[in-house]
Amino acid sequence: MKHWKNGIILPLALLLLWWLLTKYKIFSPYLLPSPQTTFVIFGQLCLDGTLWQNIYVSLARVFAGFFCACAVALPLGIICGRSRYFSDFCWPTLEFLRHVPPLASIPLIILWFGIDEASKLVIIFLASFFPLFLNTYSGIKNCDKKLLEVGSTLHFTAWQKARYIQLPAALPSITVGLQLSLGYSWRALIGAELIAASSGIGYMILDAEQMSRPDIVLVGILCIGIIGSIMDWSFMYVTKLLMPWQENSEA
């Protein structure tokens with residue numbers, strides 16, 4: 001509770017600063033709408049369903065791309081962490097792709113996949129793949145060698161070592177990778193929607209900018225931050241429920 005009391009001070013101070021800037025007209029209302037105006041528009045967008053529809057579309061895209069990345073990054077990270085040969089075979093290509101920002105690939109992705117859902121999924125996949133892959137690889141690779149020696153003395157097969165020793169040891173790293181990947185997915189999607197989309201929060205912001213509606217732009221930005229924070233908090237909450245021992249070990 002104390003954490004929330006301390007954490008709410010800065011948002012309230014920023015809200016007060018926002019109100020003062022608009023009250024004394026330090027910035028033009030055209031550039032910076034007042035909090036009252038922004039919250040009224042927020043209510044209108046909620047009532048007519050525009051905001052909920054765009055949020056639903058964006059979240060559906062995020063989770064679809066995120067789960068696709070998980071389906072590829074997790075097994076590939078485990079295999080690369082366990083096999084030196086496979087790691088050496090894949091690493092140069094993966095290292096090259098890792099340094100190419102997904103947003104820099106958007107023009108080519110649009111040429112290949114158009115502006116439909118496929119292009120959004122590809123962008124989200126590229127953004128969320130590497131945080132999860134690298135954390136999974138690191139967790140598997142850095143498993144305590146003594147634990148593997150114990151597995152050898154117990155005559156564990158390679159599959160048993162991976163299942164009973166390396167995966168549990170890598171679970172904290174994998175959890176961090178999942179959390180990072182989910183956040184990267186959300187940010188990459190908004191960038192993709194700002195460039196090529198006909199729905200979603202990013203599209204709503206771009207459409208509002210073209211219509212000279214900074215109040216709607218602010219609503220979109222606030223929704224992006226709030227939803228991203230809720231997703232991150234929800235992920236950590238579920239993680240604590242599924243892995244309570246991890247929290248206790250950190251304490």
# chains A, B, ... in the order shown; residues from 1 in each chain; ligands from 1
>>> closest_atom_pairs(of="segment 109-195 of chain A", to="segment 92-102 of chain A", cutoff="10 Å", atoms="only C-alpha atoms", output="JSON lines")
{"residue": "A:Ile109", "atom": "CA", "partner": "A:Pro102", "partner_atom": "CA", "distance": 9.3}
{"residue": "A:Val122", "atom": "CA", "partner": "A:Pro102", "partner_atom": "CA", "distance": 8.8}
{"residue": "A:Ile123", "atom": "CA", "partner": "A:Pro102", "partner_atom": "CA", "distance": 5.8}
{"residue": "A:Ile124", "atom": "CA", "partner": "A:Pro102", "partner_atom": "CA", "distance": 8.1}
{"residue": "A:Phe125", "atom": "CA", "partner": "A:Pro102", "partner_atom": "CA", "distance": 8.9}
{"residue": "A:Leu126", "atom": "CA", "partner": "A:Pro102", "partner_atom": "CA", "distance": 6.0}
{"residue": "A:Ala127", "atom": "CA", "partner": "A:Pro102", "partner_atom": "CA", "distance": 6.0}
{"residue": "A:Ser128", "atom": "CA", "partner": "A:Pro102", "partner_atom": "CA", "distance": 9.7}
{"residue": "A:Phe129", "atom": "CA", "partner": "A:Arg98", "partner_atom": "CA", "distance": 9.0}
{"residue": "A:Phe130", "atom": "CA", "partner": "A:Arg98", "partner_atom": "CA", "distance": 6.6}
{"residue": "A:Pro131", "atom": "CA", "partner": "A:Arg98", "partner_atom": "CA", "distance": 9.5}
{"residue": "A:Phe133", "atom": "CA", "partner": "A:Leu94", "partner_atom": "CA", "distance": 9.9}
{"residue": "A:Ala188", "atom": "CA", "partner": "A:Pro102", "partner_atom": "CA", "distance": 7.5}
{"residue": "A:Gly191", "atom": "CA", "partner": "A:Pro102", "partner_atom": "CA", "distance": 9.6}
{"residue": "A:Ala192", "atom": "CA", "partner": "A:Pro102", "partner_atom": "CA", "distance": 9.1}
>>> residues_around(residues="segment 57-62 of chain A", least_positions_apart="5", cutoff="9 Å", atoms="only C-alpha atoms", output="list in words")
Trp52, Phe67, Glu117, Lys120, Leu121, Ile124, Leu182, Ser185, Trp186, Ala188, Leu189, Ile190, Glu193, Ser199, Gly200, Ile201 and Gly202 of chain A
>>> select_by_dssp(residues="segment 76-168 of chain A", states="alpha helix (DSSP H)", output="NGL selection string")
:A and (76-82 or 84-98 or 106-113 or 117-141 or 145-153 or 158-161 or 167-168)
>>> write_last_selection(atoms="C-alpha atoms", output="compact mmCIF listing (two decimals), in the first residue's frame")
# COMPACT_ATOMS: atom_id res chain seq x y z
CA LEU A 76 14.56 -22.48 -30.58
CA GLY A 77 16.13 -20.96 -27.45
CA ILE A 78 16.07 -24.33 -25.71
CA ILE A 79 17.62 -26.13 -28.68
CA CYS A 80 20.34 -23.49 -29.14
CA GLY A 81 21.08 -23.54 -25.42
CA ARG A 82 21.51 -27.30 -25.41
CA ARG A 84 26.52 -26.02 -29.50
CA TYR A 85 26.39 -27.14 -33.15
CA PHE A 86 22.84 -25.86 -33.70
CA SER A 87 23.70 -22.61 -31.93
CA ASP A 88 26.75 -22.02 -34.15
CA PHE A 89 24.63 -22.79 -37.21
CA CYS A 90 21.84 -20.33 -36.37
CA TRP A 91 23.64 -17.60 -34.45
CA PRO A 92 25.10 -15.47 -37.31
CA THR A 93 21.71 -15.19 -39.00
CA LEU A 94 19.86 -14.49 -35.77
CA GLU A 95 22.46 -11.92 -34.72
CA PHE A 96 21.99 -10.09 -38.02
CA LEU A 97 18.20 -10.07 -37.72
CA ARG A 98 18.38 -8.97 -34.09
CA ILE A 106 7.80 -2.01 -42.27
CA PRO A 107 8.05 -0.76 -45.90
CA LEU A 108 9.31 -4.15 -47.08
CA ILE A 109 6.81 -6.03 -44.90
CA ILE A 110 3.96 -3.98 -46.37
CA LEU A 111 5.17 -4.77 -49.90
CA TRP A 112 5.24 -8.49 -49.10
CA PHE A 113 2.16 -8.86 -46.89
CA GLU A 117 -3.40 -8.43 -40.45
CA ALA A 118 -0.46 -10.50 -41.69
CA SER A 119 1.87 -7.49 -41.78
CA LYS A 120 0.97 -6.56 -38.18
CA LEU A 121 1.62 -10.11 -36.99
CA VAL A 122 5.02 -10.18 -38.69
CA ILE A 123 6.05 -6.89 -37.05
CA ILE A 124 4.91 -8.07 -33.61
CA PHE A 125 6.67 -11.40 -34.14
CA LEU A 126 9.97 -9.70 -35.00
CA ALA A 127 9.71 -7.33 -32.04
CA SER A 128 8.88 -9.98 -29.44
CA PHE A 129 10.97 -12.88 -30.72
CA PHE A 130 14.47 -11.89 -29.64
CA PRO A 131 13.88 -10.88 -25.99
CA LEU A 132 12.28 -14.26 -25.35
CA PHE A 133 14.78 -16.22 -27.43
CA LEU A 134 17.84 -14.61 -25.81
CA ASN A 135 16.53 -15.02 -22.26
CA THR A 136 15.59 -18.64 -22.91
CA TYR A 137 18.96 -19.33 -24.48
CA SER A 138 20.79 -17.65 -21.60
CA GLY A 139 18.79 -19.52 -18.97
CA ILE A 140 19.42 -22.91 -20.58
CA LYS A 141 23.08 -22.19 -21.34
CA LYS A 145 26.98 -27.61 -14.42
CA LYS A 146 26.90 -29.43 -11.10
CA LEU A 147 23.18 -30.08 -11.52
CA LEU A 148 23.85 -31.58 -14.95
CA GLU A 149 26.57 -33.78 -13.44
CA VAL A 150 24.05 -35.02 -10.88
CA GLY A 151 21.71 -35.83 -13.75
CA SER A 152 24.47 -37.79 -15.45
CA THR A 153 25.15 -39.81 -12.32
CA ALA A 158 19.23 -35.69 -22.72
CA TRP A 159 15.45 -35.15 -22.71
CA GLN A 160 15.26 -35.77 -18.94
CA LYS A 161 18.09 -33.33 -18.28
CA LEU A 167 14.05 -25.91 -17.87
CA PRO A 168 13.33 -25.37 -14.15
>>> decode(residues="segment 201-234 of chain A", atoms="N, CA and C atoms", output="PDB file, in the first residue's frame")
ATOM      1  N   ILE A 201      -5.609   1.303 -31.879  1.00  0.00           N
ATOM      2  CA  ILE A 201      -5.274   2.528 -31.153  1.00  0.00           C
ATOM      3  C   ILE A 201      -4.337   3.408 -31.963  1.00  0.00           C
ATOM      4  N   GLY A 202      -3.323   2.805 -32.588  1.00  0.00           N
ATOM      5  CA  GLY A 202      -2.397   3.590 -33.397  1.00  0.00           C
ATOM      6  C   GLY A 202      -3.101   4.284 -34.545  1.00  0.00           C
ATOM      7  N   TYR A 203      -4.006   3.570 -35.197  1.00  0.00           N
ATOM      8  CA  TYR A 203      -4.777   4.187 -36.291  1.00  0.00           C
ATOM      9  C   TYR A 203      -5.648   5.324 -35.768  1.00  0.00           C
ATOM     10  N   MET A 204      -6.248   5.133 -34.592  1.00  0.00           N
ATOM     11  CA  MET A 204      -7.081   6.181 -34.010  1.00  0.00           C
ATOM     12  C   MET A 204      -6.279   7.462 -33.770  1.00  0.00           C
ATOM     13  N   ILE A 205      -5.044   7.299 -33.289  1.00  0.00           N
ATOM     14  CA  ILE A 205      -4.188   8.461 -33.039  1.00  0.00           C
ATOM     15  C   ILE A 205      -3.826   9.149 -34.349  1.00  0.00           C
ATOM     16  N   LEU A 206      -3.446   8.366 -35.360  1.00  0.00           N
ATOM     17  CA  LEU A 206      -3.071   8.954 -36.642  1.00  0.00           C
ATOM     18  C   LEU A 206      -4.260   9.655 -37.296  1.00  0.00           C
ATOM     19  N   ASP A 207      -5.429   9.037 -37.223  1.00  0.00           N
ATOM     20  CA  ASP A 207      -6.628   9.654 -37.796  1.00  0.00           C
ATOM     21  C   ASP A 207      -6.970  10.948 -37.069  1.00  0.00           C
ATOM     22  N   ALA A 208      -6.799  10.968 -35.744  1.00  0.00           N
ATOM     23  CA  ALA A 208      -7.067  12.181 -34.973  1.00  0.00           C
ATOM     24  C   ALA A 208      -6.067  13.283 -35.324  1.00  0.00           C
ATOM     25  N   GLU A 209      -4.811  12.900 -35.557  1.00  0.00           N
ATOM     26  CA  GLU A 209      -3.800  13.902 -35.949  1.00  0.00           C
ATOM     27  C   GLU A 209      -4.150  14.532 -37.294  1.00  0.00           C
ATOM     28  N   GLN A 210      -4.616  13.715 -38.227  1.00  0.00           N
ATOM     29  CA  GLN A 210      -4.995  14.244 -39.538  1.00  0.00           C
ATOM     30  C   GLN A 210      -6.242  15.115 -39.462  1.00  0.00           C
ATOM     31  N   MET A 211      -7.102  14.849 -38.478  1.00  0.00           N
ATOM     32  CA  MET A 211      -8.306  15.646 -38.296  1.00  0.00           C
ATOM     33  C   MET A 211      -8.104  16.799 -37.326  1.00  0.00           C
ATOM     34  N   SER A 212      -6.847  17.017 -36.909  1.00  0.00           N
ATOM     35  CA  SER A 212      -6.507  18.099 -35.965  1.00  0.00           C
ATOM     36  C   SER A 212      -7.302  17.975 -34.670  1.00  0.00           C
ATOM     37  N   ARG A 213      -7.255  16.777 -34.084  1.00  0.00           N
ATOM     38  CA  ARG A 213      -7.941  16.515 -32.817  1.00  0.00           C
ATOM     39  C   ARG A 213      -6.926  16.077 -31.774  1.00  0.00           C
ATOM     40  N   PRO A 214      -6.180  17.027 -31.183  1.00  0.00           N
ATOM     41  CA  PRO A 214      -5.184  16.649 -30.176  1.00  0.00           C
ATOM     42  C   PRO A 214      -5.797  16.027 -28.932  1.00  0.00           C
ATOM     43  N   ASP A 215      -7.079  16.318 -28.652  1.00  0.00           N
ATOM     44  CA  ASP A 215      -7.722  15.701 -27.498  1.00  0.00           C
ATOM     45  C   ASP A 215      -7.835  14.183 -27.675  1.00  0.00           C
ATOM     46  N   ILE A 216      -8.190  13.744 -28.882  1.00  0.00           N
ATOM     47  CA  ILE A 216      -8.267  12.301 -29.149  1.00  0.00           C
ATOM     48  C   ILE A 216      -6.872  11.682 -29.165  1.00  0.00           C
ATOM     49  N   VAL A 217      -5.902  12.437 -29.665  1.00  0.00           N
ATOM     50  CA  VAL A 217      -4.520  11.946 -29.627  1.00  0.00           C
ATOM     51  C   VAL A 217      -4.087  11.689 -28.191  1.00  0.00           C
ATOM     52  N   LEU A 218      -4.392  12.619 -27.287  1.00  0.00           N
ATOM     53  CA  LEU A 218      -4.041  12.442 -25.874  1.00  0.00           C
ATOM     54  C   LEU A 218      -4.769  11.252 -25.267  1.00  0.00           C
ATOM     55  N   VAL A 219      -6.024  11.068 -25.630  1.00  0.00           N
ATOM     56  CA  VAL A 219      -6.766   9.904 -25.140  1.00  0.00           C
ATOM     57  C   VAL A 219      -6.082   8.621 -25.587  1.00  0.00           C
ATOM     58  N   GLY A 220      -5.662   8.569 -26.849  1.00  0.00           N
ATOM     59  CA  GLY A 220      -4.969   7.384 -27.348  1.00  0.00           C
ATOM     60  C   GLY A 220      -3.660   7.133 -26.630  1.00  0.00           C
ATOM     61  N   ILE A 221      -2.890   8.197 -26.404  1.00  0.00           N
ATOM     62  CA  ILE A 221      -1.605   8.046 -25.712  1.00  0.00           C
ATOM     63  C   ILE A 221      -1.806   7.554 -24.285  1.00  0.00           C
ATOM     64  N   LEU A 222      -2.794   8.127 -23.590  1.00  0.00           N
ATOM     65  CA  LEU A 222      -3.080   7.695 -22.226  1.00  0.00           C
ATOM     66  C   LEU A 222      -3.522   6.235 -22.194  1.00  0.00           C
ATOM     67  N   CYS A 223      -4.323   5.836 -23.169  1.00  0.00           N
ATOM     68  CA  CYS A 223      -4.776   4.439 -23.230  1.00  0.00           C
ATOM     69  C   CYS A 223      -3.608   3.495 -23.483  1.00  0.00           C
ATOM     70  N   ILE A 224      -2.685   3.899 -24.330  1.00  0.00           N
ATOM     71  CA  ILE A 224      -1.510   3.061 -24.600  1.00  0.00           C
ATOM     72  C   ILE A 224      -0.728   2.813 -23.314  1.00  0.00           C
ATOM     73  N   GLY A 225      -0.454   3.887 -22.563  1.00  0.00           N
ATOM     74  CA  GLY A 225       0.299   3.741 -21.318  1.00  0.00           C
ATOM     75  C   GLY A 225      -0.450   2.938 -20.272  1.00  0.00           C
ATOM     76  N   ILE A 226      -1.752   3.189 -20.128  1.00  0.00           N
ATOM     77  CA  ILE A 226      -2.542   2.487 -19.118  1.00  0.00           C
ATOM     78  C   ILE A 226      -2.659   1.002 -19.449  1.00  0.00           C
ATOM     79  N   ILE A 227      -2.976   0.698 -20.698  1.00  0.00           N
ATOM     80  CA  ILE A 227      -3.125  -0.707 -21.088  1.00  0.00           C
ATOM     81  C   ILE A 227      -1.802  -1.447 -20.979  1.00  0.00           C
ATOM     82  N   GLY A 228      -0.711  -0.797 -21.407  1.00  0.00           N
ATOM     83  CA  GLY A 228       0.596  -1.426 -21.277  1.00  0.00           C
ATOM     84  C   GLY A 228       0.944  -1.722 -19.825  1.00  0.00           C
ATOM     85  N   SER A 229       0.631  -0.780 -18.920  1.00  0.00           N
ATOM     86  CA  SER A 229       0.897  -0.993 -17.495  1.00  0.00           C
ATOM     87  C   SER A 229       0.039  -2.119 -16.938  1.00  0.00           C
ATOM     88  N   ILE A 230      -1.232  -2.173 -17.349  1.00  0.00           N
ATOM     89  CA  ILE A 230      -2.119  -3.239 -16.883  1.00  0.00           C
ATOM     90  C   ILE A 230      -1.629  -4.598 -17.366  1.00  0.00           C
ATOM     91  N   MET A 231      -1.189  -4.668 -18.610  1.00  0.00           N
ATOM     92  CA  MET A 231      -0.673  -5.928 -19.134  1.00  0.00           C
ATOM     93  C   MET A 231       0.545  -6.384 -18.350  1.00  0.00           C
ATOM     94  N   ASP A 232       1.442  -5.452 -18.058  1.00  0.00           N
ATOM     95  CA  ASP A 232       2.654  -5.799 -17.324  1.00  0.00           C
ATOM     96  C   ASP A 232       2.319  -6.227 -15.901  1.00  0.00           C
ATOM     97  N   TRP A 233       1.423  -5.496 -15.244  1.00  0.00           N
ATOM     98  CA  TRP A 233       1.034  -5.841 -13.873  1.00  0.00           C
ATOM     99  C   TRP A 233       0.330  -7.192 -13.842  1.00  0.00           C
ATOM    100  N   SER A 234      -0.546  -7.429 -14.811  1.00  0.00           N
ATOM    101  CA  SER A 234      -1.277  -8.696 -14.866  1.00  0.00           C
ATOM    102  C   SER A 234      -0.318  -9.865 -15.066  1.00  0.00           C
TER     103      SER A 234
END
